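Structure data (mmCIF, C-alpha atoms and all ligand atoms) from entry08.cif:
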data_final
loop_
_atom_site.label_atom_id
_atom_site.label_comp_id
_atom_site.auth_asym_id
_atom_site.auth_seq_id
_atom_site.Cartn_x
_atom_site.Cartn_y
_atom_site.Cartn_z
CA MET A 1 12.73 -16.20 3.66
CA THR A 2 11.68 -12.92 5.25
CA ALA A 3 8.70 -12.96 7.62
CA PRO A 4 5.51 -11.18 6.54
CA THR A 5 5.38 -7.47 7.45
CA ILE A 6 2.32 -8.05 9.62
CA GLN A 7 0.19 -11.09 10.41
CA TRP A 8 -2.18 -12.42 13.07
CA VAL A 9 -0.75 -15.47 14.83
CA ASP A 10 -2.77 -17.26 17.53
CA GLY A 11 -4.30 -14.21 19.20
CA SER A 12 -1.39 -11.82 18.76
CA VAL A 13 0.03 -9.73 15.93
CA HIS A 14 3.50 -10.41 14.60
CA LEU A 15 5.36 -7.47 13.02
CA ILE A 16 8.85 -7.10 11.60
CA ASP A 17 10.40 -4.42 13.83
CA GLN A 18 11.36 -1.90 11.13
CA THR A 19 13.37 0.25 13.55
CA LEU A 20 16.02 -2.50 13.63
CA LEU A 21 16.40 -3.01 9.87
CA PRO A 22 18.50 -3.46 7.81
CA HIS A 23 20.95 -5.27 10.07
CA THR A 24 18.62 -7.04 12.49
CA GLU A 25 15.49 -8.90 11.45
CA GLU A 26 13.37 -9.34 14.56
CA ILE A 27 9.68 -10.11 15.03
CA LEU A 28 7.70 -8.08 17.55
CA GLU A 29 4.81 -9.88 19.17
CA ILE A 30 2.01 -7.43 19.90
CA THR A 31 -0.58 -8.58 22.41
CA SER A 32 -2.47 -5.41 23.38
CA PRO A 33 -3.81 -2.26 21.69
CA ALA A 34 -1.42 -0.14 23.78
CA GLU A 35 1.56 -2.08 22.39
CA MET A 36 0.18 -1.57 18.89
CA VAL A 37 -0.13 2.20 19.43
CA ASN A 38 3.47 2.26 20.64
CA ALA A 39 4.67 0.23 17.61
CA ILE A 40 2.90 2.63 15.23
CA GLU A 41 4.16 5.77 17.02
CA ARG A 42 7.79 4.70 17.01
CA LEU A 43 7.58 3.41 13.41
CA ALA A 44 8.22 -0.25 14.22
CA ILE A 45 5.45 -0.60 11.65
CA ARG A 46 5.00 2.24 9.17
CA GLY A 47 3.76 3.12 5.69
CA ALA A 48 0.13 4.10 5.06
CA PRO A 49 -1.43 0.72 4.10
CA ALA A 50 0.60 -1.18 6.73
CA ILE A 51 -0.51 1.09 9.58
CA GLY A 52 -4.09 0.71 8.34
CA VAL A 53 -3.78 -3.06 8.73
CA ALA A 54 -2.04 -2.58 12.10
CA GLY A 55 -4.86 -0.31 13.32
CA ALA A 56 -7.46 -2.89 12.28
CA TYR A 57 -5.64 -5.67 14.14
CA GLY A 58 -5.26 -3.29 17.10
CA VAL A 59 -9.06 -2.99 17.26
CA ALA A 60 -9.32 -6.80 17.14
CA LEU A 61 -6.83 -7.04 20.03
CA ALA A 62 -8.90 -4.50 21.98
CA ALA A 63 -12.11 -6.43 21.37
CA VAL A 64 -10.52 -9.64 22.60
CA SER A 65 -8.64 -8.19 25.59
CA VAL A 66 -10.98 -5.58 27.09
CA GLY A 67 -14.33 -6.62 25.56
CA ILE A 68 -16.54 -4.65 23.21
CA ASP A 69 -18.89 -3.18 25.83
CA THR A 70 -16.30 -1.30 27.85
CA THR A 71 -15.04 2.28 27.95
CA GLU A 72 -11.53 0.76 27.66
CA PHE A 73 -12.53 -0.44 24.18
CA GLU A 74 -13.53 3.10 23.19
CA GLU A 75 -10.31 4.52 24.64
CA ALA A 76 -8.22 1.93 22.80
CA VAL A 77 -9.98 2.69 19.51
CA ASP A 78 -9.39 6.38 20.06
CA SER A 79 -5.68 6.01 20.76
CA LEU A 80 -5.18 3.67 17.79
CA ARG A 81 -7.01 6.10 15.52
CA ASN A 82 -4.83 9.00 16.64
CA ALA A 83 -1.45 7.24 16.81
CA ARG A 84 -0.37 9.07 13.63
CA PRO A 85 -2.42 11.77 11.88
CA THR A 86 -1.35 12.03 8.23
CA ALA A 87 -1.99 8.64 6.59
CA VAL A 88 -5.74 8.33 6.13
CA ASN A 89 -5.51 4.52 6.14
CA LEU A 90 -5.03 4.35 9.91
CA ALA A 91 -8.19 6.21 10.98
CA ARG A 92 -10.15 4.68 8.10
CA MET A 93 -9.34 1.06 8.99
CA VAL A 94 -9.76 1.64 12.72
CA ASP A 95 -13.20 3.13 12.04
CA ARG A 96 -14.11 0.31 9.63
CA THR A 97 -13.34 -2.42 12.16
CA ALA A 98 -14.68 -0.55 15.22
CA ALA A 99 -17.99 -0.04 13.37
CA LEU A 100 -18.50 -3.82 13.67
CA ARG A 101 -18.35 -3.67 17.47
CA ALA A 102 -21.93 -4.88 17.87
CA ASN A 103 -21.09 -8.04 15.88
CA GLY A 104 -18.43 -9.17 18.33
CA PRO A 105 -14.66 -9.80 18.36
CA GLU A 106 -14.72 -12.61 15.79
CA ARG A 107 -16.37 -10.42 13.19
CA ILE A 108 -13.90 -7.59 13.89
CA LEU A 109 -10.97 -9.96 13.40
CA GLU A 110 -12.51 -11.27 10.17
CA GLU A 111 -12.70 -7.68 8.88
CA ALA A 112 -9.07 -7.02 9.83
CA HIS A 113 -8.04 -10.13 7.87
CA ALA A 114 -10.12 -8.86 4.91
CA ILE A 115 -8.35 -5.48 5.03
CA ARG A 116 -4.95 -7.21 5.01
CA GLU A 117 -6.00 -9.32 2.01
CA GLU A 118 -7.36 -6.26 0.15
CA GLU A 119 -4.06 -4.40 0.59
CA LEU A 120 -2.15 -7.43 -0.65
CA GLN A 121 -4.27 -7.69 -3.81
CA ALA A 122 -4.05 -3.91 -4.32
CA SER A 123 -0.24 -4.05 -4.39
CA VAL A 124 -0.27 -6.57 -7.23
CA ALA A 125 -2.78 -4.50 -9.23
CA MET A 126 -0.83 -1.25 -8.73
CA GLY A 127 2.37 -2.93 -9.90
CA ASP A 128 0.80 -3.98 -13.18
CA LEU A 129 -1.12 -0.77 -13.85
CA GLY A 130 1.89 1.37 -12.95
CA ALA A 131 4.36 -0.59 -15.08
CA ASP A 132 1.98 -0.43 -18.08
CA LEU A 133 1.62 3.34 -17.64
CA ILE A 134 5.36 3.94 -17.42
CA LEU A 135 6.17 1.89 -20.50
CA ASP A 136 3.45 3.86 -22.27
CA LEU A 137 4.78 7.25 -21.07
CA VAL A 138 8.49 6.61 -21.37
CA GLY A 139 8.63 4.00 -24.10
CA ASP A 140 9.46 0.31 -24.00
CA ARG A 141 13.11 0.67 -22.93
CA PRO A 142 15.18 0.22 -19.77
CA ILE A 143 13.76 2.50 -17.08
CA ARG A 144 15.67 4.54 -14.47
CA ALA A 145 13.14 5.08 -11.66
CA MET A 146 13.72 7.48 -8.75
CA THR A 147 11.79 6.86 -5.54
CA ILE A 148 11.59 8.21 -1.99
CA CYS A 149 10.98 6.73 1.45
CA ASN A 150 9.96 3.08 1.60
CA THR A 151 6.93 1.96 -0.35
CA GLY A 152 7.58 -1.77 -0.52
CA ALA A 153 6.22 -4.82 1.27
CA LEU A 154 7.30 -3.28 4.57
CA ALA A 155 4.95 -0.32 3.99
CA THR A 156 2.01 -2.49 2.89
CA VAL A 157 1.63 -6.26 3.23
CA GLU A 158 3.46 -7.54 0.16
CA ARG A 159 5.12 -5.89 -2.87
CA GLY A 160 4.07 -2.33 -1.99
CA THR A 161 2.91 0.71 -3.95
CA ALA A 162 5.62 2.61 -5.89
CA LEU A 163 8.09 -0.18 -5.14
CA SER A 164 5.60 -2.73 -6.47
CA VAL A 165 5.77 -0.89 -9.81
CA ILE A 166 9.57 -0.99 -9.68
CA GLN A 167 9.46 -4.72 -8.85
CA THR A 168 7.07 -5.35 -11.74
CA LEU A 169 9.34 -3.44 -14.15
CA HIS A 170 12.24 -5.55 -12.90
CA GLU A 171 10.26 -8.79 -13.36
CA ARG A 172 9.42 -7.66 -16.90
CA ASP A 173 13.12 -7.02 -17.50
CA ARG A 174 12.49 -3.32 -18.07
CA LEU A 175 14.28 -1.83 -15.03
CA GLN A 176 17.66 -0.29 -15.77
CA GLU A 177 18.02 0.88 -12.17
CA ALA A 178 16.08 2.12 -9.19
CA LEU A 179 17.34 5.34 -7.60
CA PRO A 180 16.13 5.39 -3.99
CA LEU A 181 16.66 8.57 -1.96
CA GLU A 182 18.03 8.15 1.57
CA THR A 183 15.00 9.91 3.11
CA ARG A 184 16.26 11.90 6.07
CA PRO A 185 15.78 11.96 8.98
CA LEU A 186 14.80 8.31 9.59
CA LEU A 187 16.42 6.91 6.44
CA GLN A 188 13.56 4.70 5.26
CA GLY A 189 15.14 4.82 1.77
CA SER A 190 18.62 3.70 2.79
CA ARG A 191 17.60 1.32 5.58
CA LEU A 192 14.47 -0.28 4.14
CA THR A 193 14.14 0.30 0.37
CA THR A 194 17.70 -0.84 -0.35
CA TRP A 195 17.07 -3.92 1.83
CA GLU A 196 13.99 -4.75 -0.22
CA LEU A 197 15.67 -4.02 -3.57
CA GLN A 198 18.51 -6.35 -2.62
CA LYS A 199 16.04 -9.09 -1.74
CA MET A 200 14.32 -8.74 -5.12
CA ASP A 201 17.73 -8.72 -6.81
CA ALA A 202 16.97 -5.44 -8.58
CA PRO A 203 19.68 -3.05 -9.81
CA PHE A 204 19.86 0.19 -7.79
CA ARG A 205 22.08 2.99 -6.53
CA LEU A 206 21.34 4.96 -3.35
CA LEU A 207 21.31 8.78 -3.41
CA VAL A 208 21.43 11.47 -0.75
CA ASP A 209 18.14 13.39 -0.80
CA SER A 210 19.70 16.61 -2.07
CA ALA A 211 21.08 14.83 -5.18
CA GLY A 212 17.56 14.08 -6.44
CA PRO A 213 16.72 17.32 -8.28
CA PHE A 214 20.23 17.51 -9.80
CA LEU A 215 20.04 13.99 -11.24
CA LEU A 216 16.64 14.83 -12.68
CA ALA A 217 18.02 18.02 -14.27
CA ARG A 218 21.02 16.11 -15.64
CA GLY A 219 18.77 13.67 -17.50
CA ASP A 220 19.64 10.62 -15.38
CA VAL A 221 16.05 9.71 -14.49
CA ASP A 222 13.12 8.51 -16.66
CA VAL A 223 10.36 8.54 -14.07
CA VAL A 224 9.73 9.41 -10.40
CA LEU A 225 7.50 6.98 -8.49
CA THR A 226 6.23 7.79 -5.00
CA GLY A 227 3.66 6.44 -2.60
CA ALA A 228 1.15 8.56 -0.69
CA ASP A 229 -0.13 8.90 2.84
CA ARG A 230 -3.25 10.74 1.78
CA VAL A 231 -4.56 11.80 -1.62
CA ALA A 232 -7.00 14.70 -1.26
CA ALA A 233 -10.15 14.86 -3.38
CA ASN A 234 -8.49 17.34 -5.77
CA GLY A 235 -5.39 15.13 -6.17
CA ASP A 236 -3.03 17.07 -3.86
CA THR A 237 -0.90 14.38 -2.22
CA ALA A 238 0.75 14.10 1.19
CA ASN A 239 3.82 11.88 1.26
CA LYS A 240 7.20 11.66 3.01
CA ILE A 241 9.02 14.96 3.50
CA GLY A 242 11.17 15.60 0.43
CA THR A 243 8.57 14.41 -2.07
CA PHE A 244 7.56 17.98 -2.98
CA SER A 245 11.20 18.94 -3.80
CA ILE A 246 11.49 15.95 -6.11
CA ALA A 247 8.18 16.86 -7.79
CA LEU A 248 9.53 20.37 -8.44
CA GLY A 249 12.73 18.89 -9.85
CA ALA A 250 10.76 16.49 -12.05
CA ALA A 251 8.56 19.30 -13.39
CA HIS A 252 11.65 21.39 -14.15
CA ALA A 253 13.23 18.46 -16.02
CA GLY A 254 10.02 17.36 -17.77
CA VAL A 255 10.18 13.91 -16.13
CA PRO A 256 6.87 12.12 -15.32
CA PHE A 257 6.05 12.19 -11.60
CA ILE A 258 3.70 9.32 -10.70
CA VAL A 259 1.91 8.77 -7.38
CA VAL A 260 1.08 5.12 -6.66
CA ALA A 261 -1.43 4.52 -3.87
CA PRO A 262 -4.32 2.15 -3.20
CA GLU A 263 -7.90 3.45 -3.15
CA SER A 264 -7.69 3.10 0.65
CA THR A 265 -5.34 6.12 0.65
CA VAL A 266 -7.65 8.33 -1.45
CA ASP A 267 -9.67 10.57 0.85
CA ALA A 268 -12.89 12.08 -0.49
CA ASN A 269 -13.41 13.88 2.81
CA THR A 270 -10.28 15.99 2.45
CA ALA A 271 -10.93 18.57 -0.25
CA THR A 272 -7.37 19.81 -0.85
CA GLY A 273 -3.87 19.31 0.49
CA SER A 274 -4.12 22.33 2.78
CA GLU A 275 -6.59 20.36 4.95
CA ILE A 276 -4.17 17.47 5.56
CA GLU A 277 -2.71 17.36 9.05
CA ILE A 278 1.07 16.99 8.80
CA GLU A 279 2.69 15.02 11.60
CA ASP A 280 5.45 16.90 13.44
CA ARG A 281 7.81 14.37 15.04
CA GLY A 282 9.80 16.83 17.13
CA PRO A 283 13.46 17.86 17.02
CA SER A 284 15.22 14.72 18.29
CA GLU A 285 15.12 12.89 14.92
CA VAL A 286 16.75 15.91 13.21
CA VAL A 287 19.56 16.58 15.67
CA GLY A 288 20.70 12.99 16.06
CA PHE A 289 20.52 9.44 14.75
CA GLY A 290 20.81 6.08 16.48
CA GLY A 291 21.54 7.69 19.82
CA THR A 292 24.35 9.95 18.50
CA LEU A 293 23.92 13.73 18.46
CA THR A 294 24.73 15.16 15.01
CA ALA A 295 24.14 18.80 16.03
CA PRO A 296 25.23 20.74 19.10
CA SER A 297 23.25 19.78 22.19
CA GLY A 298 20.19 22.03 22.55
CA THR A 299 19.87 22.77 18.82
CA PRO A 300 16.26 23.66 17.96
CA ALA A 301 14.82 21.92 14.87
CA ILE A 302 11.69 21.61 12.74
CA ASN A 303 10.61 18.09 11.75
CA PRO A 304 7.54 17.78 9.51
CA ALA A 305 7.34 14.07 8.63
CA PHE A 306 5.41 14.70 5.41
CA ASP A 307 4.85 17.38 2.79
CA VAL A 308 2.10 18.04 0.26
CA THR A 309 2.70 17.95 -3.48
CA PRO A 310 0.12 20.01 -5.38
CA VAL A 311 -1.76 18.13 -8.09
CA ASP A 312 -0.42 20.36 -10.85
CA LEU A 313 3.05 18.82 -10.30
CA ILE A 314 1.73 15.24 -10.54
CA THR A 315 1.55 13.51 -13.92
CA ALA A 316 -0.75 10.68 -12.85
CA LEU A 317 -2.20 8.76 -9.93
CA VAL A 318 -2.11 4.96 -10.16
CA THR A 319 -4.43 3.15 -7.74
CA ASP A 320 -5.37 -0.52 -7.62
CA GLY A 321 -8.35 0.18 -9.86
CA ARG A 322 -7.57 3.11 -12.13
CA VAL A 323 -5.02 5.43 -13.65
CA ILE A 324 -5.88 9.13 -13.49
CA ARG A 325 -3.88 11.24 -15.94
CA TYR A 326 -3.76 14.65 -14.27
CA ASP A 327 -1.51 15.77 -17.12
CA ARG A 328 -4.47 15.26 -19.45
CA GLY A 329 -6.87 17.07 -17.13
CA GLU A 330 -8.52 13.85 -16.01
CA GLY A 331 -10.69 13.81 -12.89
CA PRO A 332 -12.50 14.03 -10.59
CA GLN A 333 -10.09 12.01 -8.51
CA VAL A 334 -12.67 10.57 -6.16
CA PRO A 335 -15.82 8.77 -7.34
CA ALA A 336 -19.02 10.61 -6.36
O1 LIG B 401 6.77 7.93 8.12
P1 LIG B 401 6.53 6.72 7.25
O2 LIG B 401 7.75 5.88 7.08
O3 LIG B 401 5.33 5.95 7.69
O4 LIG B 401 6.19 7.33 5.83
C1 LIG B 401 5.76 6.47 4.80
C2 LIG B 401 5.58 7.16 3.50
O5 LIG B 401 5.67 8.35 3.40
C3 LIG B 401 5.22 6.30 2.33
O6 LIG B 401 5.69 6.87 1.16
C4 LIG B 401 3.70 6.20 2.25
O7 LIG B 401 3.16 5.74 3.46
C5 LIG B 401 3.25 5.33 1.16
S1 LIG B 401 3.87 3.71 1.37
C6 LIG B 401 3.00 2.56 0.68
#

For this file, write the structure as structure tokens.
Ligand code: MRU
Amino acid sequence: MTAPTIQWVDGSVHLIDQTLLPHTEEILEITSPAEMVNAIERLAIRGAPAIGVAGAYGVALAAVSVGIDTTEFEEAVDSLRNARPTAVNLARMVDRTAALRANGPERILEEAHAIREEELQASVAMGDLGADLILDLVGDRPIRAMTICNTGALATVERGTALSVIQTLHERDRLQEALPLETRPLLQGSRLTTWELQKMDAPFRLLVDSAGPFLLARGDVDVVLTGADRVAANGDTANKIGTFSIALGAAHAGVPFIVVAPESTVDANTATGSEIEIEDRGPSEVVGFGGTLTAPSGTPAINPAFDVTPVDLITALVTDGRVIRYDRGEGPQVPA
């Protein structure tokens, strides 16, 4: 039985260290906000909803360890909020818990638990809504579903976003196969999504990223399912680098491209995708992997961790509460 992605245990936060997967399953025990910032920055915990929960627990750790009336508390909140810029969940959940400062550490912790529970419930709802939509769009037949990055329990709390839909299709006996992309440079697809698909006993075959558009063009894919790090008010969507290329390939092939994300990832304060800050993780992840250089020493590189898919390439957004059919001109995407 795999440990939960993230949970509060007796005054500390236990995380599965995702940098060690798939071969080593180790729990990190986080006891301070600084350790939480470090875990988020180095992707020991990652995925938009999961880092939202981590940020909330980080604020609870700060409240307990440095007290709520200190400048250290404010500094801790600030560094948690800014540990990664693209996924709106992190800043949103840090702000939500820090806003309860006047009510004391217990109340902050209670809110962090509530956020974790909300994300868990959201994953179940997205799985059902997404599977219904796909069977409606594609027809009630075995589905070949392409996906990118990792959007499973590891990226949320349980089940996930896009991978929750794939799991639900599998549970309904409607999944022919999942087609996860490797997801260079950190290989969340090959390290994490395959690990989760194996655990759910789902059929799948792994692809190199560059094979995605070709398989779409060849007619080997029925639907593309992706998560999101931030959905702008107009529907433009930031997600793992490579998502935009797959959206272009899907549009070319006439294959539905579905974004699956909880309401906590939908950002009314960001008007369009051009306003989303894209994290740049520096050259080292591009020129090497696991401590081995894969390019000549000193090679310069560009490493945007995310890209933005414009709404006109997206068929629909599935959240935990609604399905928005962009292909039918539905909107607005964010409630007034
Ligand atoms: O850099 P990562 O691994 O945190 O990127 C994660 C993604 O891009 C996911 O697709 C996104 O957070 C949605 S996951 C529920």

Counting all atoms listed in the file, what are the residues, protein, DNA or RNA alike, that approach ligand LIG 401 (chain B) to within 6 Å? I want them as a PyMOL selection string. chain A and resi 46-49+149-151+155-156+160-161+227-229+239-240

Hey, which of A:Leu181, A:Ala316, A:Thr265, A:Val77 ends up closest to Gly331 (chain A)? Count only C-alpha atoms.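 Smallest separation from Gly331 (chain A) among the options: A:Ala316.
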
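Counting only C-alpha atoms and comparing A:Ala63, A:Ile278, A:Ala34, A:Ala233, the residue that lies closest to Ala305 (chain A) is A:Ile278.
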
Pick out the residues sitting within 9 Å of Val88 (chain A), and hand them over as a CSV table (one decimal) with C-alpha atoms, in the coordinates of the input; count only C-alpha atoms, and ignore anything fewer than 2 positions along from it in its own chain.
chain,number,residue,atom,x,y,z
A,48,ALA,CA,0.1,4.1,5.1
A,49,PRO,CA,-1.4,0.7,4.1
A,52,GLY,CA,-4.1,0.7,8.3
A,85,PRO,CA,-2.4,11.8,11.9
A,86,THR,CA,-1.4,12.0,8.2
A,90,LEU,CA,-5.0,4.4,9.9
A,91,ALA,CA,-8.2,6.2,11.0
A,92,ARG,CA,-10.2,4.7,8.1
A,93,MET,CA,-9.3,1.1,9.0
A,229,ASP,CA,-0.1,8.9,2.8
A,230,ARG,CA,-3.2,10.7,1.8
A,231,VAL,CA,-4.6,11.8,-1.6
A,264,SER,CA,-7.7,3.1,0.6
A,265,THR,CA,-5.3,6.1,0.6
A,266,VAL,CA,-7.6,8.3,-1.4
A,267,ASP,CA,-9.7,10.6,0.8

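Within the 12 Å cut-off around Asp312 (chain A), using all atoms listed in the file and omitting residues fewer than 5 positions from it on the same chain, the listed residues are A:Asn234, A:Gly235, A:Asp236, A:Thr237, A:Phe244, A:Ala247, A:Leu248, A:Ala250, A:Ala251, A:Pro256, A:Phe257, A:Ile258, A:Gly273, A:Leu317, A:Arg325, A:Tyr326, A:Asp327, A:Arg328, A:Gly329, A:Glu330.
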